>>> print(open('target32.pdb').read())   # PDB, C-alpha atoms (C1' of nucleotides)
MODEL        1
ATOM      1  CA  MET A 109     110.944  81.677  80.109
ATOM      2  CA  SER A 110     111.759  82.538  83.680
ATOM      3  CA  CYS A 111     114.230  85.316  84.246
ATOM      4  CA  SER A 112     115.502  83.567  87.334
ATOM      5  CA  GLU A 113     117.177  80.847  85.265
ATOM      6  CA  ALA A 114     119.766  83.364  84.204
ATOM      7  CA  TYR A 115     121.047  83.431  87.748
ATOM      8  CA  ALA A 116     121.751  79.708  88.093
ATOM      9  CA  PRO A 117     125.248  79.877  86.552
ATOM     10  CA  GLN A 118     126.205  82.695  88.922
ATOM     11  CA  LEU A 119     125.339  80.510  91.852
ATOM     12  CA  ARG A 120     126.925  77.367  90.435
ATOM     13  CA  ALA A 121     130.133  79.225  89.805
ATOM     14  CA  ARG A 122     130.379  79.914  93.523
ATOM     15  CA  GLY A 123     129.502  76.394  94.587
ATOM     16  CA  TYR A 124     125.871  77.145  95.407
ATOM     17  CA  ARG A 125     122.734  75.621  93.981
ATOM     18  CA  MET A 126     119.646  76.878  92.218
ATOM     19  CA  THR A 127     116.862  75.296  94.244
ATOM     20  CA  PRO A 128     113.103  75.498  93.695
ATOM     21  CA  GLN A 129     112.888  77.873  96.671
ATOM     22  CA  ARG A 130     115.468  80.283  95.278
ATOM     23  CA  HIS A 131     113.890  80.008  91.879
ATOM     24  CA  ALA A 132     110.466  80.940  93.235
ATOM     25  CA  ILE A 133     111.811  83.888  95.190
ATOM     26  CA  LEU A 134     113.849  85.271  92.302
ATOM     27  CA  HIS A 135     110.905  84.775  89.983
ATOM     28  CA  THR A 136     108.689  86.722  92.356
ATOM     29  CA  LEU A 137     111.110  89.634  92.592
ATOM     30  CA  CYS A 138     111.729  89.690  88.837
ATOM     31  CA  HIS A 139     108.084  90.005  88.000
ATOM     32  CA  SER A 140     107.052  92.465  90.676
ATOM     33  CA  GLY A 141     108.803  95.504  89.229
ATOM     34  CA  LYS A 142     109.223  97.090  92.628
ATOM     35  CA  HIS A 143     110.779  96.307  95.975
ATOM     36  CA  LEU A 144     108.987  93.876  98.258
ATOM     37  CA  THR A 145     109.084  93.132 101.959
ATOM     38  CA  PRO A 146     110.018  89.615 103.063
ATOM     39  CA  ILE A 147     106.389  88.997 103.971
ATOM     40  CA  GLU A 148     105.237  90.077 100.539
ATOM     41  CA  VAL A 149     107.814  87.830  98.913
ATOM     42  CA  TYR A 150     106.655  84.985 101.103
ATOM     43  CA  ALA A 151     103.003  85.467 100.209
ATOM     44  CA  ARG A 152     103.653  85.696  96.464
ATOM     45  CA  ALA A 153     106.285  83.007  96.106
ATOM     46  CA  ARG A 154     104.145  80.572  98.059
ATOM     47  CA  LYS A 155     101.565  80.636  95.299
ATOM     48  CA  GLN A 156     104.222  79.132  93.086
ATOM     49  CA  LEU A 157     105.786  76.827  95.667
ATOM     50  CA  THR A 158     103.337  76.072  98.433
ATOM     51  CA  SER A 159     105.850  74.221 100.566
ATOM     52  CA  LEU A 160     107.923  77.380 101.009
ATOM     53  CA  THR A 161     108.428  78.495 104.615
ATOM     54  CA  GLU A 162     109.144  81.839 106.273
ATOM     55  CA  PRO A 163     112.640  81.143 107.567
ATOM     56  CA  THR A 164     113.652  80.010 104.114
ATOM     57  CA  VAL A 165     112.432  83.283 102.638
ATOM     58  CA  TYR A 166     114.397  85.382 105.131
ATOM     59  CA  ARG A 167     117.510  83.264 104.705
ATOM     60  CA  THR A 168     117.257  83.219 100.935
ATOM     61  CA  LEU A 169     116.746  86.961 100.613
ATOM     62  CA  GLU A 170     119.785  87.610 102.769
ATOM     63  CA  PHE A 171     121.768  85.029 100.828
ATOM     64  CA  LEU A 172     120.827  86.452  97.431
ATOM     65  CA  ALA A 173     121.641  89.978  98.577
ATOM     66  CA  GLU A 174     125.039  88.902  99.896
ATOM     67  CA  ASN A 175     125.805  87.373  96.538
ATOM     68  CA  GLY A 176     124.717  90.411  94.607
ATOM     69  CA  LEU A 177     121.771  88.826  92.803
ATOM     70  CA  ILE A 178     119.324  91.164  94.482
ATOM     71  CA  HIS A 179     119.529  94.451  96.384
ATOM     72  CA  SER A 180     118.348  95.103  99.891
ATOM     73  CA  ALA A 181     117.325  98.537 101.104
ATOM     74  CA  GLN A 182     116.285  99.829 104.472
ATOM     75  CA  ILE A 183     112.845 101.305 104.577
ATOM     76  CA  GLY A 184     111.532 103.931 106.978
ATOM     77  CA  ASN A 185     110.591 101.779 109.925
ATOM     78  CA  GLY A 186     113.961 100.078 110.040
ATOM     79  CA  ARG A 187     113.001  97.081 107.967
ATOM     80  CA  PHE A 188     114.329  95.672 104.761
ATOM     81  CA  VAL A 189     112.845  95.519 101.305
ATOM     82  CA  TYR A 190     114.316  93.637  98.373
ATOM     83  CA  GLU A 191     114.407  94.033  94.611
ATOM     84  CA  VAL A 192     116.291  92.569  91.689
ATOM     85  CA  THR A 193     119.611  94.170  90.920
ATOM     86  CA  ARG A 194     119.451  96.822  88.275
ATOM     87  CA  HIS A 195     121.739  99.805  88.571
ATOM     88  CA  ALA A 196     123.020 101.126  91.875
ATOM     89  CA  HIS A 197     120.739 103.859  93.066
ATOM     90  CA  HIS A 198     119.404 105.682  96.100
ATOM     91  CA  HIS A 199     116.052 107.019  97.060
ATOM     92  CA  LEU A 200     114.943 110.098  98.888
ATOM     93  CA  VAL A 201     111.699 109.341 100.688
ATOM     94  CA  CYS A 202     109.262 111.905 102.032
ATOM     95  CA  ARG A 203     108.427 111.263 105.665
ATOM     96  CA  HIS A 204     105.078 112.896 105.164
ATOM     97  CA  CYS A 205     103.523 111.730 101.909
ATOM     98  CA  GLY A 206     105.865 108.840 101.100
ATOM     99  CA  LYS A 207     106.868 110.217  97.687
ATOM    100  CA  GLU A 208     110.106 108.696  96.446
ATOM    101  CA  LEU A 209     112.678 110.433  94.331
ATOM    102  CA  GLU A 210     115.573 108.665  92.687
ATOM    103  CA  VAL A 211     118.808 110.396  93.613
ATOM    104  CA  ASP A 212     121.550 111.243  91.189
ATOM    105  CA  HIS A 213     124.103 108.607  91.942
ATOM    106  CA  GLN A 214     127.038 110.991  91.489
ATOM    107  CA  ILE A 215     126.184 112.981  94.598
ATOM    108  CA  VAL A 216     126.284 109.977  96.850
ATOM    109  CA  GLU A 217     129.128 108.190  95.142
ATOM    110  CA  LYS A 218     131.442 111.138  95.694
ATOM    111  CA  MET A 219     130.748 111.013  99.408
ATOM    112  CA  TYR A 220     131.397 107.273  99.516
ATOM    113  CA  GLN A 221     134.785 107.842  97.954
ATOM    114  CA  LYS A 222     135.625 110.462 100.557
ATOM    115  CA  LEU A 223     134.448 108.169 103.312
ATOM    116  CA  GLU A 224     136.655 105.384 102.026
ATOM    117  CA  SER A 225     139.794 107.467 101.698
ATOM    118  CA  PHE A 226     139.190 109.064 105.089
ATOM    119  CA  SER A 227     138.601 105.861 106.988
ATOM    120  CA  GLY A 228     140.304 103.049 105.133
ATOM    121  CA  TYR A 229     136.985 101.180 105.188
ATOM    122  CA  LYS A 230     135.584  99.654 102.025
ATOM    123  CA  ILE A 231     131.910 100.577 101.827
ATOM    124  CA  THR A 232     129.737  97.548 101.128
ATOM    125  CA  ASP A 233     126.183  98.806 101.451
ATOM    126  CA  ARG A 234     125.580 101.423  98.823
ATOM    127  CA  HIS A 235     121.843 101.232  98.719
ATOM    128  CA  ILE A 236     120.490 103.613 101.309
ATOM    129  CA  ASN A 237     117.201 105.410 101.585
ATOM    130  CA  PHE A 238     117.429 108.990 102.789
ATOM    131  CA  PHE A 239     114.495 110.590 104.543
ATOM    132  CA  GLY A 240     113.199 114.106 104.475
ATOM    133  CA  ILE A 241     110.203 116.263 103.693
ATOM    134  CA  CYS A 242     109.468 116.896 100.037
ATOM    135  CA  SER A 243     108.870 120.357  98.618
ATOM    136  CA  ASN A 244     105.094 119.898  98.500
ATOM    137  CA  CYS A 245     104.793 118.868 102.126
ATOM    138  CA  GLN A 246     107.104 121.452 103.633
TER     139      GLN A 246
ATOM    140  CA  MET B 121     120.168 115.008 140.245
ATOM    141  CA  SER B 122     118.684 113.271 137.260
ATOM    142  CA  CYS B 123     119.669 114.566 133.855
ATOM    143  CA  SER B 124     116.264 113.730 132.515
ATOM    144  CA  GLU B 125     114.609 116.548 134.467
ATOM    145  CA  ALA B 126     116.222 119.018 132.129
ATOM    146  CA  TYR B 127     113.965 117.736 129.383
ATOM    147  CA  ALA B 128     110.664 118.341 131.154
ATOM    148  CA  PRO B 129     110.344 121.984 130.062
ATOM    149  CA  GLN B 130     110.960 121.019 126.432
ATOM    150  CA  LEU B 131     108.021 118.642 126.605
ATOM    151  CA  ARG B 132     105.762 120.994 128.530
ATOM    152  CA  ALA B 133     106.386 123.722 126.011
ATOM    153  CA  ARG B 134     104.886 121.478 123.342
ATOM    154  CA  GLY B 135     101.936 120.396 125.420
ATOM    155  CA  TYR B 136     103.400 117.034 126.389
ATOM    156  CA  ARG B 137     104.090 115.647 129.859
ATOM    157  CA  MET B 138     107.084 114.302 131.699
ATOM    158  CA  THR B 139     105.776 111.011 133.016
ATOM    159  CA  PRO B 140     107.554 108.455 135.207
ATOM    160  CA  GLN B 141     107.925 106.219 132.156
ATOM    161  CA  ARG B 142     109.580 108.912 130.055
ATOM    162  CA  HIS B 143     111.702 109.871 133.002
ATOM    163  CA  ALA B 144     112.932 106.319 133.492
ATOM    164  CA  ILE B 145     113.709 105.867 129.806
ATOM    165  CA  LEU B 146     115.569 109.177 129.503
ATOM    166  CA  HIS B 147     117.440 108.411 132.710
ATOM    167  CA  THR B 148     118.491 105.053 131.327
ATOM    168  CA  LEU B 149     119.773 106.537 128.093
ATOM    169  CA  CYS B 150     121.549 109.410 129.857
ATOM    170  CA  HIS B 151     123.521 107.094 132.084
ATOM    171  CA  SER B 152     124.395 104.401 129.579
ATOM    172  CA  GLY B 153     126.890 106.454 127.575
ATOM    173  CA  LYS B 154     126.205 104.455 124.430
ATOM    174  CA  HIS B 155     123.313 103.605 122.183
ATOM    175  CA  LEU B 156     120.871 100.964 123.347
ATOM    176  CA  THR B 157     118.332  98.748 121.652
ATOM    177  CA  PRO B 158     114.695  99.035 122.737
ATOM    178  CA  ILE B 159     115.028  95.709 124.527
ATOM    179  CA  GLU B 160     118.065  96.934 126.427
ATOM    180  CA  VAL B 161     116.262 100.119 127.381
ATOM    181  CA  TYR B 162     113.313  98.055 128.531
ATOM    182  CA  ALA B 163     115.452  95.790 130.703
ATOM    183  CA  ARG B 164     117.349  98.650 132.339
ATOM    184  CA  ALA B 165     114.510 101.106 132.810
ATOM    185  CA  ARG B 166     112.356  98.409 134.377
ATOM    186  CA  LYS B 167     114.769  98.180 137.284
ATOM    187  CA  GLN B 168     113.831 101.755 138.055
ATOM    188  CA  LEU B 169     110.150 101.496 137.198
ATOM    189  CA  THR B 170     108.968  97.902 137.417
ATOM    190  CA  SER B 171     105.529  98.629 136.013
ATOM    191  CA  LEU B 172     107.003  99.694 132.670
ATOM    192  CA  THR B 173     105.806  97.696 129.660
ATOM    193  CA  GLU B 174     107.283  96.914 126.264
ATOM    194  CA  PRO B 175     104.819  98.824 124.078
ATOM    195  CA  THR B 176     105.407 101.898 126.194
ATOM    196  CA  VAL B 177     109.144 101.634 125.628
ATOM    197  CA  TYR B 178     108.790 101.390 121.860
ATOM    198  CA  ARG B 179     106.262 104.202 121.738
ATOM    199  CA  THR B 180     108.265 106.429 124.054
ATOM    200  CA  LEU B 181     111.532 105.968 122.172
ATOM    201  CA  GLU B 182     109.841 106.883 118.923
ATOM    202  CA  PHE B 183     108.146 109.831 120.581
ATOM    203  CA  LEU B 184     111.344 111.168 122.131
ATOM    204  CA  ALA B 185     113.199 110.796 118.840
ATOM    205  CA  GLU B 186     110.475 112.652 116.938
ATOM    206  CA  ASN B 187     110.752 115.505 119.418
ATOM    207  CA  GLY B 188     114.516 115.656 119.189
ATOM    208  CA  LEU B 189     115.264 114.665 122.771
ATOM    209  CA  ILE B 190     117.071 111.530 121.681
ATOM    210  CA  HIS B 191     118.574 110.227 118.440
ATOM    211  CA  SER B 192     117.677 107.044 116.651
ATOM    212  CA  ALA B 193     120.074 105.227 114.369
ATOM    213  CA  GLN B 194     119.659 102.204 112.180
ATOM    214  CA  ILE B 195     121.914  99.342 113.030
ATOM    215  CA  GLY B 196     123.114  96.571 110.748
ATOM    216  CA  ASN B 197     120.200  94.187 110.846
ATOM    217  CA  GLY B 198     117.682  96.886 110.094
ATOM    218  CA  ARG B 199     116.843  97.652 113.680
ATOM    219  CA  PHE B 200     116.989 100.820 115.677
ATOM    220  CA  VAL B 201     119.199 101.879 118.542
ATOM    221  CA  TYR B 202     118.740 105.013 120.596
ATOM    222  CA  GLU B 203     120.972 107.454 122.449
ATOM    223  CA  VAL B 204     120.713 110.865 124.028
ATOM    224  CA  THR B 205     121.235 113.763 121.690
ATOM    225  CA  ARG B 206     124.754 115.044 121.692
ATOM    226  CA  HIS B 207     126.217 116.380 118.479
ATOM    227  CA  ALA B 208     125.075 115.185 115.067
ATOM    228  CA  HIS B 209     127.341 112.415 113.939
ATOM    229  CA  HIS B 210     127.573 109.306 111.789
ATOM    230  CA  HIS B 211     129.206 105.956 112.209
ATOM    231  CA  LEU B 212     131.009 103.667 109.863
ATOM    232  CA  VAL B 213     130.507 100.090 110.993
ATOM    233  CA  CYS B 214     132.589  97.109 109.936
ATOM    234  CA  ARG B 215     130.421  94.297 108.649
ATOM    235  CA  HIS B 216     133.054  91.806 109.727
ATOM    236  CA  CYS B 217     134.375  92.722 113.180
ATOM    237  CA  GLY B 218     131.765  95.326 114.165
ATOM    238  CA  LYS B 219     134.335  98.063 114.769
ATOM    239  CA  GLU B 220     132.786 101.515 114.721
ATOM    240  CA  LEU B 221     134.425 104.685 113.514
ATOM    241  CA  GLU B 222     132.976 108.121 114.004
ATOM    242  CA  VAL B 223     132.780 109.917 110.686
ATOM    243  CA  ASP B 224     133.857 113.490 110.131
ATOM    244  CA  HIS B 225     130.575 115.275 109.918
ATOM    245  CA  GLN B 226     131.741 117.610 107.155
ATOM    246  CA  ILE B 227     131.915 114.827 104.612
ATOM    247  CA  VAL B 228     128.331 113.818 105.069
ATOM    248  CA  GLU B 229     126.921 117.277 105.637
ATOM    249  CA  LYS B 230     128.181 118.447 102.292
ATOM    250  CA  MET B 231     126.341 115.619 100.584
ATOM    251  CA  TYR B 232     123.149 116.409 102.460
ATOM    252  CA  GLN B 233     123.322 119.981 101.223
ATOM    253  CA  LYS B 234     123.724 118.771  97.654
ATOM    254  CA  LEU B 235     120.845 116.375  98.084
ATOM    255  CA  GLU B 236     118.633 119.164  99.355
ATOM    256  CA  SER B 237     119.429 121.627  96.594
ATOM    257  CA  PHE B 238     119.072 118.912  93.970
ATOM    258  CA  SER B 239     115.747 117.586  95.146
ATOM    259  CA  GLY B 240     113.990 120.335  97.068
ATOM    260  CA  TYR B 241     113.552 117.891  99.939
ATOM    261  CA  LYS B 242     114.509 118.888 103.466
ATOM    262  CA  ILE B 243     116.522 116.043 104.969
ATOM    263  CA  THR B 244     115.204 115.065 108.388
ATOM    264  CA  ASP B 245     117.169 111.957 109.321
ATOM    265  CA  ARG B 246     120.819 112.875 109.557
ATOM    266  CA  HIS B 247     121.929 110.014 111.718
ATOM    267  CA  ILE B 248     122.855 107.132 109.478
ATOM    268  CA  ASN B 249     125.180 104.220 109.962
ATOM    269  CA  PHE B 250     127.266 103.308 106.934
ATOM    270  CA  PHE B 251     128.536  99.779 106.498
ATOM    271  CA  GLY B 252     131.753  98.478 105.074
ATOM    272  CA  ILE B 253     134.813  96.387 105.784
ATOM    273  CA  CYS B 254     137.488  97.997 107.917
ATOM    274  CA  SER B 255     141.138  98.079 106.928
ATOM    275  CA  ASN B 256     142.047  95.232 109.285
ATOM    276  CA  CYS B 257     139.417  92.865 107.973
ATOM    277  CA  GLN B 258     139.870  93.520 104.269
TER     278      GLN B 258
ATOM    279  C1'  DT C  33      85.592 121.780 143.331
ATOM    280  C1'  DT C  34      83.416 119.468 139.271
ATOM    281  C1'  DC C  35      83.351 118.506 134.484
ATOM    282  C1'  DC C  36      85.534 118.058 130.102
ATOM    283  C1'  DT C  37      89.256 117.246 127.052
ATOM    284  C1'  DT C  38      93.402 115.241 125.810
ATOM    285  C1'  DA C  39      97.726 112.828 126.699
ATOM    286  C1'  DT C  40      99.432 108.570 128.098
ATOM    287  C1'  DT C  41      99.697 103.945 129.606
ATOM    288  C1'  DG C  42      98.805  98.823 130.177
ATOM    289  C1'  DC C  43      96.801  94.800 128.448
ATOM    290  C1'  DA C  44      96.084  91.342 125.144
ATOM    291  C1'  DA C  45      96.692  89.637 120.848
ATOM    292  C1'  DG C  46      99.059  89.335 116.803
ATOM    293  C1'  DA C  47     102.662  90.167 113.148
ATOM    294  C1'  DA C  48     107.410  90.027 111.841
ATOM    295  C1'  DG C  49     111.806  88.169 112.208
ATOM    296  C1'  DT C  50     115.414  84.768 114.284
ATOM    297  C1'  DT C  51     117.659  80.599 115.988
ATOM    298  C1'  DA C  52     118.947  75.734 116.780
ATOM    299  C1'  DC C  53     118.847  71.541 115.071
ATOM    300  C1'  DA C  54     117.634  67.439 112.644
ATOM    301  C1'  DA C  55     116.738  65.733 108.075
ATOM    302  C1'  DC C  56     117.385  65.792 103.369
ATOM    303  C1'  DA C  57     119.534  66.437  98.702
ATOM    304  C1'  DA C  58     123.200  67.271  95.635
ATOM    305  C1'  DT C  59     127.898  66.858  94.535
ATOM    306  C1'  DA C  60     132.516  65.052  94.951
ATOM    307  C1'  DT C  61     135.634  61.222  96.030
ATOM    308  C1'  DA C  62     137.159  56.559  96.437
TER     309       DA C  62
ATOM    310  C1'  DT D 246     128.646  51.931  93.030
ATOM    311  C1'  DA D 247     129.106  53.192  97.963
ATOM    312  C1'  DT D 248     130.692  56.820 101.085
ATOM    313  C1'  DA D 249     131.708  61.231 102.729
ATOM    314  C1'  DT D 250     131.061  66.073 102.468
ATOM    315  C1'  DT D 251     128.647  70.108 102.170
ATOM    316  C1'  DG D 252     124.705  72.951 100.893
ATOM    317  C1'  DT D 253     119.896  73.630 101.894
ATOM    318  C1'  DT D 254     115.446  73.238 103.893
ATOM    319  C1'  DG D 255     111.520  72.521 107.323
ATOM    320  C1'  DT D 256     110.003  72.351 112.012
ATOM    321  C1'  DA D 257     109.349  74.254 116.334
ATOM    322  C1'  DA D 258     110.187  77.456 119.580
ATOM    323  C1'  DC D 259     111.449  81.812 120.550
ATOM    324  C1'  DT D 260     112.472  86.969 120.460
ATOM    325  C1'  DT D 261     111.335  91.392 118.844
ATOM    326  C1'  DC D 262     108.103  94.672 117.473
ATOM    327  C1'  DT D 263     103.235  96.522 116.523
ATOM    328  C1'  DT D 264      98.303  97.474 116.968
ATOM    329  C1'  DG D 265      93.644  98.282 118.903
ATOM    330  C1'  DC D 266      91.321  99.488 122.649
ATOM    331  C1'  DA D 267      89.899 100.394 127.267
ATOM    332  C1'  DA D 268      91.428 102.597 131.511
ATOM    333  C1'  DT D 269      93.831 106.166 133.730
ATOM    334  C1'  DA D 270      95.903 110.564 134.849
ATOM    335  C1'  DA D 271      96.833 115.331 134.135
ATOM    336  C1'  DG D 272      95.567 119.887 133.000
ATOM    337  C1'  DG D 273      92.172 123.555 131.645
ATOM    338  C1'  DA D 274      87.569 125.696 131.925
ATOM    339  C1'  DA D 275      83.396 126.641 134.303
TER     340       DA D 275
ENDMDL
END
>>> encode(input="target32.pdb", output="structure tokens")
Amino acid sequence: MSCSEAYAPQLRARGYRMTPQRHAILHTLCHSGKHLTPIEVYARARKQLTSLTEPTVYRTLEFLAENGLIHSAQIGNGRFVYEVTRHAHHHLVCRHCGKELEVDHQIVEKMYQKLESFSGYKITDRHINFFGICSNCQ
Amino acid sequence: MSCSEAYAPQLRARGYRMTPQRHAILHTLCHSGKHLTPIEVYARARKQLTSLTEPTVYRTLEFLAENGLIHSAQIGNGRFVYEVTRHAHHHLVCRHCGKELEVDHQIVEKMYQKLESFSGYKITDRHINFFGICSNCQ
DNA sequence: TTCCTTATTGCAAGAAGTTACAACAATATA
DNA sequence: TATATTGTTGTAACTTCTTGCAATAAGGAA
């Protein structure tokens, strides 16, 4: 029943393991429907696995993001939030009222391509929040 | 002699004050030549003003950035670094070796303009670090 | 000057995030 | 099976960052 079981083969294929801790964290993210802070993940996943600890949550979130099972995104105050991987996307966040707008991926992707050809770098982090003031708040 | 005195009128004009703490922090950033973390600013500025405290450093950096006297930029781990305002620019940072490359501002500016016309938002934060793998490390 | 208002700071406590290391658990190999 | 190897976690201590609040300092008005 749990959506997190689908991820086990992905981990196994790379020589990693699906542990109860990873299961609980993936389960939490799957069923939240939105991005969560590490602290929120910790609080929720602990209801399912009470032995879970903070360092494990931070390590696991970073691990899952590195392996592409979840996405990380930087939020306004310089911290990370996490969500399950759907499609690549960006958000435009209003500094004033907090309203989020999903950005047409084309606009950003074109710039990434230019950046890559200009620099020789291969861009790895394609999930960025942009900040501004929305039309209502201006 | 201190470069930070040039900023006093900018603050006064907005009803703010140039205090010894702000002076010390601006002085530190002016003479470092590179971006610094809040902790680094704290350590350096304290040599000049021993009574300076941590909360004041964090608050002052945020305050100065909001008022355009310094720039803030997000660094890899989701934390902020600060530097004195020069020209608007972006960095491309290698996830592997840490090498930084200054990005041609045109590339990014064009995308910002598209974002603005598409969304109606006015982009406020134009100082973003992009992450990737540099040509050497690929 | 004296009084009032507001900007600004320090203190103390707490929240969030990180690190080092020992212990454990799963898998592979002999 | 026994042994070695490697992945993974918990504990404890620590660093980094934030918040609430009282105290202070600066500037304006009377």
>>> atom_distance(input="target32.pdb", atom1="atom CA of B:Ile227", atom2="atom CA of A:Lys222")
7.0 Å
>>> resolve_selection(input="target32.pdb", expression="the PyMOL selection byres ((chain C and resi 52) around 12)", output="list in words")
DT50, DT51, DC53 and DA54 of chain C; DT256, DA257, DA258 and DC259 of chain D
>>> interface_residues(input="target32.pdb", of="chain B", to="chain C", cutoff="8 Å", atoms="all atoms listed in the file", output="PyMOL selection string")
chain B and resi 136-137+173+176
>>> closest_atom_pairs(input="target32.pdb", of="chain A", to="chain B", cutoff="10 Å", atoms="all atoms listed in the file", output="CSV")
residue,atom,partner,partner_atom,distance
A:Ala181,CA,B:Gly198,CA,9.1
A:Gln182,CA,B:Gly198,CA,6.5
A:Ile183,CA,B:Gly198,CA,8.6
A:Gly184,CA,B:Gln194,CA,9.8
A:Asn185,CA,B:Arg199,CA,8.4
A:Gly186,CA,B:Gly198,CA,4.9
A:Arg187,CA,B:Gly198,CA,5.1
A:Phe188,CA,B:Gly198,CA,6.4
A:Leu200,CA,B:Tyr241,CA,8.0
A:Val201,CA,B:Tyr241,CA,8.8
A:Cys202,CA,B:Tyr241,CA,7.7
A:Arg203,CA,B:Thr244,CA,8.2
A:Leu209,CA,B:Ser239,CA,7.8
A:Glu210,CA,B:Ser239,CA,9.3
A:Val211,CA,B:Leu235,CA,7.7
A:Asp212,CA,B:Phe238,CA,8.5
A:Ile215,CA,B:Met231,CA,6.5
A:Val216,CA,B:Met231,CA,6.8
A:Glu217,CA,B:Met231,CA,9.6
A:Lys218,CA,B:Met231,CA,8.4
A:Met219,CA,B:Met231,CA,6.5
A:Tyr220,CA,B:Val228,CA,9.1
A:Lys222,CA,B:Ile227,CA,7.0
A:Leu223,CA,B:Ile227,CA,7.2
A:Glu224,CA,B:Gly252,CA,9.0
A:Phe226,CA,B:Val223,CA,8.6
A:Ser227,CA,B:Leu221,CA,7.8
A:Gly228,CA,B:Ser255,CA,5.3
A:Tyr229,CA,B:Cys254,CA,4.2
A:Lys230,CA,B:Gly252,CA,5.0
A:Ile231,CA,B:Gly252,CA,3.9
A:Thr232,CA,B:Gly252,CA,4.5
A:Asp233,CA,B:Phe251,CA,5.7
A:Arg234,CA,B:Phe251,CA,8.4
A:Ile236,CA,B:Phe250,CA,8.8
A:Asn237,CA,B:Ile248,CA,9.9
A:Phe238,CA,B:Asp245,CA,7.2
A:Phe239,CA,B:Asp245,CA,5.6
A:Gly240,CA,B:Ile243,CA,3.9
A:Ile241,CA,B:Lys242,CA,5.0
A:Cys242,CA,B:Tyr241,CA,4.2
A:Ser243,CA,B:Gly240,CA,5.3
A:Asn244,CA,B:Tyr241,CA,8.8
A:Cys245,CA,B:Tyr241,CA,9.1
A:Gln246,CA,B:Lys242,CA,7.8
>>> write_last_selection(input="target32.pdb", atoms="C-alpha atoms", output="compact mmCIF listing (two decimals), keeping the file's coordinate frame")
# COMPACT_ATOMS: atom_id res chain seq x y z
CA ALA A 181 117.32 98.54 101.10
CA GLN A 182 116.28 99.83 104.47
CA ILE A 183 112.84 101.30 104.58
CA GLY A 184 111.53 103.93 106.98
CA ASN A 185 110.59 101.78 109.92
CA GLY A 186 113.96 100.08 110.04
CA ARG A 187 113.00 97.08 107.97
CA PHE A 188 114.33 95.67 104.76
CA LEU A 200 114.94 110.10 98.89
CA VAL A 201 111.70 109.34 100.69
CA CYS A 202 109.26 111.90 102.03
CA ARG A 203 108.43 111.26 105.66
CA LEU A 209 112.68 110.43 94.33
CA GLU A 210 115.57 108.66 92.69
CA VAL A 211 118.81 110.40 93.61
CA ASP A 212 121.55 111.24 91.19
CA ILE A 215 126.18 112.98 94.60
CA VAL A 216 126.28 109.98 96.85
CA GLU A 217 129.13 108.19 95.14
CA LYS A 218 131.44 111.14 95.69
CA MET A 219 130.75 111.01 99.41
CA TYR A 220 131.40 107.27 99.52
CA LYS A 222 135.62 110.46 100.56
CA LEU A 223 134.45 108.17 103.31
CA GLU A 224 136.66 105.38 102.03
CA PHE A 226 139.19 109.06 105.09
CA SER A 227 138.60 105.86 106.99
CA GLY A 228 140.30 103.05 105.13
CA TYR A 229 136.99 101.18 105.19
CA LYS A 230 135.58 99.65 102.02
CA ILE A 231 131.91 100.58 101.83
CA THR A 232 129.74 97.55 101.13
CA ASP A 233 126.18 98.81 101.45
CA ARG A 234 125.58 101.42 98.82
CA ILE A 236 120.49 103.61 101.31
CA ASN A 237 117.20 105.41 101.58
CA PHE A 238 117.43 108.99 102.79
CA PHE A 239 114.50 110.59 104.54
CA GLY A 240 113.20 114.11 104.48
CA ILE A 241 110.20 116.26 103.69
CA CYS A 242 109.47 116.90 100.04
CA SER A 243 108.87 120.36 98.62
CA ASN A 244 105.09 119.90 98.50
CA CYS A 245 104.79 118.87 102.13
CA GLN A 246 107.10 121.45 103.63
>>> resolve_selection(input="target32.pdb", expression="the PyMOL selection byres ((chain A and resi 180) around 6)", output="NGL selection string")
:A and (179 or 181 or 189-190)
>>> resolve_selection(input="target32.pdb", expression="the PyMOL selection byres ((chain D) within 10 of (chain B))", output="list in words")
DT260, DT261, DC262, DT263, DT264, DA271 and DG272 of chain D
>>> atom_distance(input="target32.pdb", atom1="atom C1' of D:DT269", atom2="atom CA of B:Val204")
29.0 Å
>>> residues_around(input="target32.pdb", residues="B:Pro140", least_positions_apart="4", cutoff="12 Å", atoms="all atoms listed in the file", output="list in words")
Ser124, Glu125, Ala128, Ala144, Ile145, Leu146, His147, Ala165, Arg166, Gln168, Leu169, Thr170, Ser171, Leu172, Thr176, Val177 and Thr180 of chain B; DT40 and DT41 of chain C; DA270 of chain D
>>> atom_distance(input="target32.pdb", atom1="atom CA of B:Glu186", atom2="atom C1' of D:DA268")
26.0 Å
>>> axis_aligned_box(input="target32.pdb", around="stretch 34-48 of chain C", padding_each_side="8 Å", output="AutoDock Vina command-line options")
--center_x 95.4 --center_y 104.4 --center_z 125.6 --size_x 40.1 --size_y 46.1 --size_z 43.4
